[in-house]
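Encoded as structure tokens, the structure appears first; notes follow it.
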Amino acid sequence: MLRSLLLIPAYIAAAYALVHGVDSSQLVSTATYTKAKGEGFTKAIIRGYQEACGDGGRVDPNFVQTYKNARAAGITNIDMYWFPCNGSGNSCKSYATQISEIAAVFSANSMNIGTIWIDIEQDSTCDNWNYGTSGNLAQAKSMISAIKASGFNFGIYSSPGEWGNIFGSTSVVLDSSAPLWFANWNNIETLTLSTKFGGWTTAVGHQYTDVSASGLFDLNVFATKKVLRVKG
């Protein structure tokens with residue numbers, strides 16, 4: 001019996017663990033990232049594109065240097081977020097053009113970015129998402145089509161409140177097959193989606209606070225696949 005047990009092959013199982021991450025919309029130094037990493041934050045999400053409605057949208061001027069600083073601090077798990085330019089009163093570049101500008105920066109700087117997160121939230125300064133609820137949904141679908149055409153990995157960042165305000169209801173579905181990173185500043189470091197929206201029942205990321213020691217970060221947890229070798 002013992003011999004037969006020893007001959008049973010091992011098998012691989014997947015489980016999910018949490019990694020802690022910081023996201024930023026400002027220039028972050030290597031020293032600040034080094035300190036964050038020392039505190040257990042091993043993932044960085046950087047604003048790579050800002051709505052800059054006066055310019056029709058632009059690559060964030062701090063994106064490349066902040067990326068380089070994160071890498072210099074030893075952080076290699078790096079995503080970016082795209083805050084798209086839209087709004088009926090703004091002369092925004094097409095979503096395809098916005099993404100092509102992101103792609104050009106990736107290429108020119110040999111950047112290794114895991115996921116582009118589409119930031120779906122309102123901004124009173126640029127008066128974005130002002131097409132009415134059905135028009136807003138049409139705009140969001142255009143964004144999804146553009147980023148799918150690019151071939152980049154993407155996900156969606158939003159919150160139940162923003163979703164309901166923009167699309168008229170939290171039950172409106174845009175693309176629930178895309179990974180969700182949601183904001184709920186409850187200081188609870190889990191992925192529990194207590195208020196479901198957009199057709200999602202689970203999330204891969206949770207922004208749990210906008211408070212950090214440096215004042216430069218929001219704090220997050222993300223799911224990461226952990227491969228376990230289990231003997232039968």
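Identifiers in the structure tokens: chain A, B, ... in order shown; residue index from 1 per chain; ligand index from 1 in order shown.
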
Determine which residues of chain A receive a DSSP assignment of strand (DSSP E or B), computed from the backbone, and state them as a ChimeraX atom specification.
/A:10-24,41-50,58-59,77-82,116-119,154-158,180-183,205-209,218-231

So which residues touch Gln139 (chain A) within 12 Å, counting only C-alpha atoms, skipping near sequence neighbours fewer than 4 positions away, as number ranges by chain?
A: 84-88, 94-95, 120, 128-135, 143-146, 166-167, 174

Which of region 48-130 of chain A end up as helix (DSSP H, G or I) when DSSP is run on this backbone - answer as a PyMOL selection string?
chain A and resi 63-72+95-108

Take the residues just selected and output them with N, CA and C atoms as a short mmCIF file (atom, residue, chain, number, x, y, z; two decimals), in the first residue's frame.
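What ended up in selection-v4.cif:
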```
data_model
loop_
_atom_site.label_atom_id
_atom_site.label_comp_id
_atom_site.auth_asym_id
_atom_site.auth_seq_id
_atom_site.Cartn_x
_atom_site.Cartn_y
_atom_site.Cartn_z
N PHE A 63 4.89 59.74 -16.18
CA PHE A 63 4.73 58.29 -16.29
C PHE A 63 6.06 57.56 -16.43
N VAL A 64 6.85 57.95 -17.40
CA VAL A 64 8.08 57.21 -17.68
C VAL A 64 9.04 57.27 -16.51
N GLN A 65 9.25 58.46 -15.94
CA GLN A 65 10.20 58.57 -14.83
C GLN A 65 9.71 57.82 -13.60
N THR A 66 8.42 57.89 -13.32
CA THR A 66 7.88 57.16 -12.18
C THR A 66 8.04 55.66 -12.38
N TYR A 67 7.81 55.19 -13.60
CA TYR A 67 8.02 53.77 -13.92
C TYR A 67 9.48 53.39 -13.67
N LYS A 68 10.40 54.20 -14.17
CA LYS A 68 11.82 53.91 -13.98
C LYS A 68 12.20 53.89 -12.50
N ASN A 69 11.60 54.79 -11.73
CA ASN A 69 11.90 54.85 -10.30
C ASN A 69 11.37 53.61 -9.58
N ALA A 70 10.20 53.15 -9.97
CA ALA A 70 9.65 51.92 -9.37
C ALA A 70 10.56 50.74 -9.68
N ARG A 71 10.99 50.64 -10.93
CA ARG A 71 11.89 49.54 -11.30
C ARG A 71 13.21 49.63 -10.53
N ALA A 72 13.71 50.84 -10.38
CA ALA A 72 14.97 51.01 -9.65
C ALA A 72 14.84 50.59 -8.20
N TYR A 95 -10.36 57.47 -28.96
CA TYR A 95 -9.84 56.50 -27.99
C TYR A 95 -8.72 55.68 -28.61
N ALA A 96 -8.83 55.37 -29.88
CA ALA A 96 -7.77 54.62 -30.56
C ALA A 96 -6.47 55.42 -30.56
N THR A 97 -6.57 56.74 -30.77
CA THR A 97 -5.37 57.58 -30.76
C THR A 97 -4.77 57.66 -29.37
N GLN A 98 -5.63 57.80 -28.37
CA GLN A 98 -5.13 57.83 -26.99
C GLN A 98 -4.34 56.56 -26.68
N ILE A 99 -4.88 55.41 -27.09
CA ILE A 99 -4.19 54.15 -26.83
C ILE A 99 -2.91 54.04 -27.65
N SER A 100 -2.94 54.55 -28.87
CA SER A 100 -1.72 54.49 -29.69
C SER A 100 -0.61 55.33 -29.09
N GLU A 101 -0.96 56.43 -28.44
CA GLU A 101 0.05 57.24 -27.76
C GLU A 101 0.64 56.49 -26.58
N ILE A 102 -0.20 55.74 -25.87
CA ILE A 102 0.30 54.90 -24.77
C ILE A 102 1.25 53.84 -25.33
N ALA A 103 0.84 53.20 -26.41
CA ALA A 103 1.66 52.14 -27.01
C ALA A 103 3.01 52.67 -27.46
N ALA A 104 3.02 53.88 -28.00
CA ALA A 104 4.27 54.47 -28.47
C ALA A 104 5.25 54.69 -27.32
N VAL A 105 4.73 55.11 -26.18
CA VAL A 105 5.58 55.32 -25.00
C VAL A 105 6.10 53.98 -24.48
N PHE A 106 5.25 52.97 -24.46
CA PHE A 106 5.71 51.63 -24.07
C PHE A 106 6.91 51.22 -24.92
N SER A 107 6.74 51.37 -26.23
CA SER A 107 7.76 50.92 -27.16
C SER A 107 9.05 51.72 -27.04
N ALA A 108 8.92 53.04 -26.96
CA ALA A 108 10.10 53.91 -26.93
C ALA A 108 10.93 53.71 -25.67
#
```

Looking at only C-alpha atoms, which of A:Trp82, A:Phe222, A:Thr76, A:Gln26 is the one that sits closest to Asn62 (chain A)?
A:Gln26

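The spacing separating CA of Phe83 (chain A) from CA of Ser194 (chain A) amounts to 24.9 Å.
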
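Considering only C-alpha atoms, the residue among A:Lys35, A:Lys93, A:Arg47, A:His206 positioned nearest to Asn186 (chain A) is A:His206.
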
One decimal, Å: what's the distance from CA of Thr192 (chain A) over to CA of Ala36 (chain A), could you say?
23.9 Å

Selection near Pro179 (chain A), 7 Å with only C-alpha atoms, sequence-local residues under 2 positions removed, as a PyMOL selection string
chain A and resi 155-156+177+181+203-204

Using only C-alpha atoms, which residues sit within 10 Å of Val173 (chain A) once same-chain residues fewer than 3 positions away are excluded, as a VMD selection string?
chain A and resid 137 163 167 169 to 170 176 to 177 197 to 200

Residues as selected, C-alpha atoms, written as a PDB file, in the first residue's frame, can you do that?
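In the end it all went to part.pdb:
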```pdb
ATOM      1  CA  LEU A 137     -22.540  53.641 -22.125  1.00  0.00           C
ATOM      2  CA  TRP A 163     -20.904  53.475 -12.019  1.00  0.00           C
ATOM      3  CA  PHE A 167     -24.569  54.807 -16.411  1.00  0.00           C
ATOM      4  CA  SER A 169     -27.729  52.151 -12.522  1.00  0.00           C
ATOM      5  CA  THR A 170     -25.229  49.830 -10.876  1.00  0.00           C
ATOM      6  CA  SER A 176     -18.065  41.920 -16.838  1.00  0.00           C
ATOM      7  CA  SER A 177     -15.524  39.535 -18.372  1.00  0.00           C
ATOM      8  CA  PHE A 197     -22.088  46.505  -9.844  1.00  0.00           C
ATOM      9  CA  GLY A 198     -21.526  46.251 -13.567  1.00  0.00           C
ATOM     10  CA  GLY A 199     -22.334  42.546 -13.614  1.00  0.00           C
ATOM     11  CA  TRP A 200     -19.259  41.646 -11.548  1.00  0.00           C
TER      12      TRP A 200
END
```

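Minimum atom-to-atom distances from A:Ile45, A:Ala149, A:Leu18, A:Ile188 to Asp119 (chain A) were compared using only C-alpha atoms, and the lowest value belongs to A:Ile45.
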